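Peer 1: Here's a structure for you.
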Amino acid sequence: MAPAHPHAVLFACGMNAVRSPMAAGLFGRLYGKTIYVGSAGVQKGELDPFAVAVMEEVGVDISRHKPVTFEELDQLEGLSFDLIVTLSPPAHHKALELTHTIAADVVYWPTVDPTSIEGSREQRLDAYREVRDMLMARISERFGKPGGGNE
């Protein structure tokens, strides 16, 4: 039997600028309004244009994403998530700290930070594409195919 679907999922990484907004965008595309999704970082970065570009390639627009920290997200809307998917070690440690005060399951999906890849523009974009595709595969594997329609 597949794990029960959570009502609200938070994707978290180091700066909420690449991995977690990509994951949240992909998740939102698959599950629409059936499961609430958010993203946060341990620190606040600037949205990465390479992340925006590779997401546009698959029809997901994250260009309006505004990076937020866990604390900012808590102030804006609260941390009412029943599953936190962490994509970096600092985010994982932060999420585990939060479980002392909120009832949420935490899972760690080690995810390469594509910002560290050097090379030509195309080589760098390929690194971001690999992260995007890995996230899509992990999301589909964990949450299954969305039920009914393409919302």
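Quick note on naming: the chains in the structure tokens go A, B, ... in the order shown, residues restart at 1 in each chain, and ligands are numbered from 1 in order of appearance.
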DSSP on the backbone, then: every residue of segment 8-117 of chain A marked strand (DSSP E or B), written as a list in words.
Peer 2: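 Listing strand (DSSP E or B) positions across segment 8-117 of chain A yields Ala8, Val9, Leu10, Phe11, Ala12, Cys13, Tyr36, Val37, Gly38, Ser39, Ala40, Gly41, Thr69, Leu83, Ile84, Val85, Thr86, Asp105, Val106, Val107 and Tyr108 of chain A.
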Peer 1: Write out as a ChimeraX atom specification which residues come within 9 Å of Val112 of chain A when counting only C-alpha atoms, dropping same-chain ones fewer than 2 positions away.
Peer 2: /A:19,87-88,110,114-116,127,131
Peer 1: Can you tell me, as a list in words, which residues in segment 19-51 of chain A count as alpha helix (DSSP H) by DSSP?
Peer 2: Arg19, Ser20, Pro21, Met22, Ala23, Ala24, Gly25, Leu26, Phe27, Gly28, Arg29, Leu30, Tyr31, Pro49, Phe50 and Ala51 of chain A
Peer 1: Could the residues in this selection be saved with C-alpha atoms as a PDB file, in the first residue's frame?
Peer 2:
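The resulting file, part_3.pdb, is reproduced below:
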ATOM      1  CA  ARG A  19      16.154  23.195  -5.452  1.00  0.00           C
ATOM      2  CA  SER A  20      13.129  23.823  -3.229  1.00  0.00           C
ATOM      3  CA  PRO A  21      11.346  26.227  -5.623  1.00  0.00           C
ATOM      4  CA  MET A  22      11.974  23.751  -8.458  1.00  0.00           C
ATOM      5  CA  ALA A  23      10.525  20.908  -6.378  1.00  0.00           C
ATOM      6  CA  ALA A  24       7.530  22.983  -5.269  1.00  0.00           C
ATOM      7  CA  GLY A  25       6.864  24.063  -8.872  1.00  0.00           C
ATOM      8  CA  LEU A  26       6.969  20.488 -10.151  1.00  0.00           C
ATOM      9  CA  PHE A  27       4.810  19.275  -7.274  1.00  0.00           C
ATOM     10  CA  GLY A  28       2.254  22.026  -7.875  1.00  0.00           C
ATOM     11  CA  ARG A  29       2.120  21.161 -11.571  1.00  0.00           C
ATOM     12  CA  LEU A  30       1.390  17.513 -10.766  1.00  0.00           C
ATOM     13  CA  TYR A  31      -1.008  17.849  -7.846  1.00  0.00           C
ATOM     14  CA  PRO A  49      17.826  32.442 -13.376  1.00  0.00           C
ATOM     15  CA  PHE A  50      19.114  29.018 -14.475  1.00  0.00           C
ATOM     16  CA  ALA A  51      16.457  27.382 -12.274  1.00  0.00           C
TER      17      ALA A  51
END
Peer 1: Show which residues sit within 8 Å of Ser63 of chain A, as a list in words. Count only C-alpha atoms, and ignore same-chain residues fewer than 2 positions away.
Peer 2: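 In the requested form, the answer reads Leu47, Val52, Asp61 and His65 of chain A.
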Peer 1: Pull the closest atom pair for each residue of segment 71-151 of chain A that gets at most 8 Å from segment 6-18 of chain A, along with the distance in Å to one decimal, counting only C-alpha atoms, ordering rows by chain and then ascending residue number, as a tab-separated table.
Peer 2:
residue	atom	partner	partner_atom	distance
A:Ser80	CA	A:Ala8	CA	7.3
A:Phe81	CA	A:Ala8	CA	4.8
A:Asp82	CA	A:Ala8	CA	5.7
A:Leu83	CA	A:Val9	CA	4.9
A:Ile84	CA	A:Leu10	CA	4.7
A:Val85	CA	A:Phe11	CA	4.9
A:Thr86	CA	A:Ala12	CA	4.8
A:Leu87	CA	A:Cys13	CA	5.1
A:Ser88	CA	A:Cys13	CA	5.2
A:Pro90	CA	A:Gly14	CA	6.2
A:Ala91	CA	A:Cys13	CA	5.0
A:His92	CA	A:Ala12	CA	7.8
Peer 1: Please write the residues from the selection above to a file, keeping N, CA, C and O atoms, as a PDB file, in the first residue's frame.
Peer 2:
ATOM      1  N   SER A  80       2.245  24.894   8.943  1.00  0.00           N
ATOM      2  CA  SER A  80       1.220  23.859   9.083  1.00  0.00           C
ATOM      3  C   SER A  80       1.394  22.771   8.030  1.00  0.00           C
ATOM      4  O   SER A  80       0.471  22.469   7.283  1.00  0.00           O
ATOM      5  N   PHE A  81       2.573  22.220   7.964  1.00  0.00           N
ATOM      6  CA  PHE A  81       2.877  21.173   6.985  1.00  0.00           C
ATOM      7  C   PHE A  81       2.946  19.838   7.697  1.00  0.00           C
ATOM      8  O   PHE A  81       3.480  19.751   8.801  1.00  0.00           O
ATOM      9  N   ASP A  82       2.395  18.801   7.070  1.00  0.00           N
ATOM     10  CA  ASP A  82       2.517  17.491   7.698  1.00  0.00           C
ATOM     11  C   ASP A  82       3.655  16.669   7.114  1.00  0.00           C
ATOM     12  O   ASP A  82       3.985  15.609   7.623  1.00  0.00           O
ATOM     13  N   LEU A  83       4.307  17.187   6.053  1.00  0.00           N
ATOM     14  CA  LEU A  83       5.499  16.542   5.513  1.00  0.00           C
ATOM     15  C   LEU A  83       6.481  17.625   5.068  1.00  0.00           C
ATOM     16  O   LEU A  83       6.096  18.548   4.349  1.00  0.00           O
ATOM     17  N   ILE A  84       7.711  17.495   5.529  1.00  0.00           N
ATOM     18  CA  ILE A  84       8.782  18.389   5.084  1.00  0.00           C
ATOM     19  C   ILE A  84       9.803  17.534   4.344  1.00  0.00           C
ATOM     20  O   ILE A  84      10.342  16.583   4.907  1.00  0.00           O
ATOM     21  N   VAL A  85      10.024  17.859   3.072  1.00  0.00           N
ATOM     22  CA  VAL A  85      11.021  17.158   2.253  1.00  0.00           C
ATOM     23  C   VAL A  85      12.237  18.062   2.189  1.00  0.00           C
ATOM     24  O   VAL A  85      12.177  19.162   1.636  1.00  0.00           O
ATOM     25  N   THR A  86      13.339  17.606   2.774  1.00  0.00           N
ATOM     26  CA  THR A  86      14.558  18.412   2.797  1.00  0.00           C
ATOM     27  C   THR A  86      15.492  17.960   1.685  1.00  0.00           C
ATOM     28  O   THR A  86      15.604  16.774   1.387  1.00  0.00           O
ATOM     29  N   LEU A  87      16.151  18.940   1.070  1.00  0.00           N
ATOM     30  CA  LEU A  87      16.982  18.670  -0.101  1.00  0.00           C
ATOM     31  C   LEU A  87      18.454  18.984   0.136  1.00  0.00           C
ATOM     32  O   LEU A  87      19.276  18.798  -0.763  1.00  0.00           O
ATOM     33  N   SER A  88      18.780  19.471   1.333  1.00  0.00           N
ATOM     34  CA  SER A  88      20.177  19.770   1.681  1.00  0.00           C
ATOM     35  C   SER A  88      20.380  19.473   3.156  1.00  0.00           C
ATOM     36  O   SER A  88      19.423  19.524   3.942  1.00  0.00           O
ATOM     37  N   PRO A  90      21.750  21.302   5.652  1.00  0.00           N
ATOM     38  CA  PRO A  90      21.295  22.342   6.582  1.00  0.00           C
ATOM     39  C   PRO A  90      19.768  22.393   6.716  1.00  0.00           C
ATOM     40  O   PRO A  90      19.242  22.596   7.814  1.00  0.00           O
ATOM     41  N   ALA A  91      19.053  22.197   5.611  1.00  0.00           N
ATOM     42  CA  ALA A  91      17.592  22.200   5.661  1.00  0.00           C
ATOM     43  C   ALA A  91      17.081  21.011   6.467  1.00  0.00           C
ATOM     44  O   ALA A  91      16.104  21.121   7.211  1.00  0.00           O
ATOM     45  N   HIS A  92      17.759  19.871   6.331  1.00  0.00           N
ATOM     46  CA  HIS A  92      17.342  18.682   7.074  1.00  0.00           C
ATOM     47  C   HIS A  92      17.492  18.918   8.577  1.00  0.00           C
ATOM     48  O   HIS A  92      16.577  18.612   9.351  1.00  0.00           O
TER      49      HIS A  92
END
Peer 1: Kindly indicate which residue among A:His100, A:Arg138, A:Arg132, A:Lys44 lies nearest to Val68 of chain A, using only C-alpha atoms for the distances.
Peer 2: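 Nearest candidate to Val68 of chain A out of A:His100, A:Arg138, A:Arg132, A:Lys44: A:Lys44.
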Peer 1: Do you know which residues are at most 10 Å from Ala53 of chain A counting only C-alpha atoms, after dropping those on the same chain fewer than 4 positions away, and could you put them as a ChimeraX atom specification?
Peer 2: /A:48-49,57-63,125,128-129
Peer 1: Write a file of the selected residues as a tab-separated table (two decimals), in the first residue's frame, keeping all heavy atoms.
Peer 2:
chain	number	residue	atom	x	y	z
A	48	ASP	N	17.40	31.89	-8.70
A	48	ASP	CA	18.44	31.62	-9.69
A	48	ASP	C	17.85	31.59	-11.10
A	48	ASP	O	16.92	30.83	-11.37
A	48	ASP	CB	19.08	30.27	-9.35
A	48	ASP	CG	20.30	29.97	-10.16
A	48	ASP	OD1	20.19	29.95	-11.41
A	48	ASP	OD2	21.36	29.75	-9.57
A	49	PRO	N	18.37	32.41	-12.02
A	49	PRO	CA	17.83	32.44	-13.38
A	49	PRO	C	17.97	31.12	-14.14
A	49	PRO	O	17.14	30.82	-15.00
A	49	PRO	CB	18.60	33.57	-14.07
A	49	PRO	CG	19.72	33.94	-13.17
A	49	PRO	CD	19.43	33.40	-11.81
A	57	GLU	N	11.42	25.17	-19.49
A	57	GLU	CA	11.53	24.12	-20.51
A	57	GLU	C	10.45	23.05	-20.36
A	57	GLU	O	10.08	22.41	-21.33
A	57	GLU	CB	12.91	23.45	-20.46
A	57	GLU	CG	14.04	24.34	-20.86
A	57	GLU	CD	15.41	23.70	-20.66
A	57	GLU	OE1	15.49	22.57	-20.13
A	57	GLU	OE2	16.40	24.34	-21.04
A	58	VAL	N	9.98	22.84	-19.13
A	58	VAL	CA	8.95	21.83	-18.89
A	58	VAL	C	7.59	22.46	-18.58
A	58	VAL	O	6.68	21.82	-18.06
A	58	VAL	CB	9.35	20.82	-17.79
A	58	VAL	CG1	10.57	20.01	-18.22
A	58	VAL	CG2	9.59	21.52	-16.46
A	59	GLY	N	7.47	23.75	-18.89
A	59	GLY	CA	6.19	24.43	-18.75
A	59	GLY	C	5.81	24.84	-17.34
A	59	GLY	O	4.63	25.01	-17.04
A	60	VAL	N	6.80	24.98	-16.46
A	60	VAL	CA	6.53	25.40	-15.08
A	60	VAL	C	7.17	26.76	-14.86
A	60	VAL	O	8.38	26.91	-15.01
A	60	VAL	CB	7.08	24.37	-14.06
A	60	VAL	CG1	6.83	24.84	-12.63
A	60	VAL	CG2	6.44	22.99	-14.29
A	61	ASP	N	6.36	27.74	-14.50
A	61	ASP	CA	6.84	29.11	-14.29
A	61	ASP	C	7.10	29.35	-12.81
A	61	ASP	O	6.17	29.40	-12.01
A	61	ASP	CB	5.80	30.10	-14.81
A	61	ASP	CG	6.24	31.55	-14.67
A	61	ASP	OD1	7.41	31.81	-14.28
A	61	ASP	OD2	5.41	32.44	-14.93
A	62	ILE	N	8.38	29.49	-12.45
A	62	ILE	CA	8.73	29.83	-11.06
A	62	ILE	C	9.29	31.25	-10.99
A	62	ILE	O	9.86	31.64	-9.98
A	62	ILE	CB	9.70	28.81	-10.42
A	62	ILE	CG1	11.05	28.77	-11.16
A	62	ILE	CG2	9.07	27.42	-10.34
A	62	ILE	CD1	12.15	28.03	-10.42
A	63	SER	N	9.14	32.01	-12.05
A	63	SER	CA	9.77	33.33	-12.13
A	63	SER	C	9.28	34.32	-11.07
A	63	SER	O	9.97	35.27	-10.74
A	63	SER	CB	9.58	33.94	-13.53
A	63	SER	OG	8.21	34.18	-13.78
A	125	LEU	N	23.47	24.57	-17.42
A	125	LEU	CA	22.04	24.28	-17.57
A	125	LEU	C	21.78	22.78	-17.46
A	125	LEU	O	20.78	22.36	-16.86
A	125	LEU	CB	21.52	24.81	-18.90
A	125	LEU	CG	21.26	26.32	-18.95
A	125	LEU	CD1	21.01	26.76	-20.39
A	125	LEU	CD2	20.10	26.71	-18.06
A	128	TYR	N	21.42	21.78	-13.91
A	128	TYR	CA	20.10	22.16	-13.38
A	128	TYR	C	19.02	21.21	-13.90
A	128	TYR	O	18.10	20.84	-13.17
A	128	TYR	CB	19.75	23.60	-13.76
A	128	TYR	CG	20.48	24.64	-12.93
A	128	TYR	CD1	21.82	24.92	-13.15
A	128	TYR	CD2	19.82	25.36	-11.95
A	128	TYR	CE1	22.49	25.88	-12.41
A	128	TYR	CE2	20.47	26.33	-11.19
A	128	TYR	CZ	21.81	26.58	-11.43
A	128	TYR	OH	22.46	27.53	-10.68
A	129	ARG	N	19.15	20.81	-15.18
A	129	ARG	CA	18.18	19.88	-15.75
A	129	ARG	C	18.22	18.53	-15.02
A	129	ARG	O	17.19	17.91	-14.78
A	129	ARG	CB	18.46	19.66	-17.24
A	129	ARG	CG	18.12	20.86	-18.09
A	129	ARG	CD	18.44	20.60	-19.57
A	129	ARG	NE	18.23	21.80	-20.34
A	129	ARG	CZ	19.20	22.48	-20.97
A	129	ARG	NH1	20.46	22.04	-20.95
A	129	ARG	NH2	18.91	23.58	-21.63
Peer 1: Hey, which of A:Thr111, A:Ser140, A:Gln43, A:Gln75 ends up closest to Lys94 of chain A? Count only C-alpha atoms.
Peer 2: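 Of all the options, A:Gln43 lies closest to Lys94 of chain A.
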Peer 1: So, with only C-alpha atoms as the atoms that count, which of A:Glu71, A:Glu97, A:Asp113, A:Glu118 lies closest to Ala40 of chain A?
Peer 2: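 Using only C-alpha atoms, the shortest distance to Ala40 of chain A belongs to A:Glu71.
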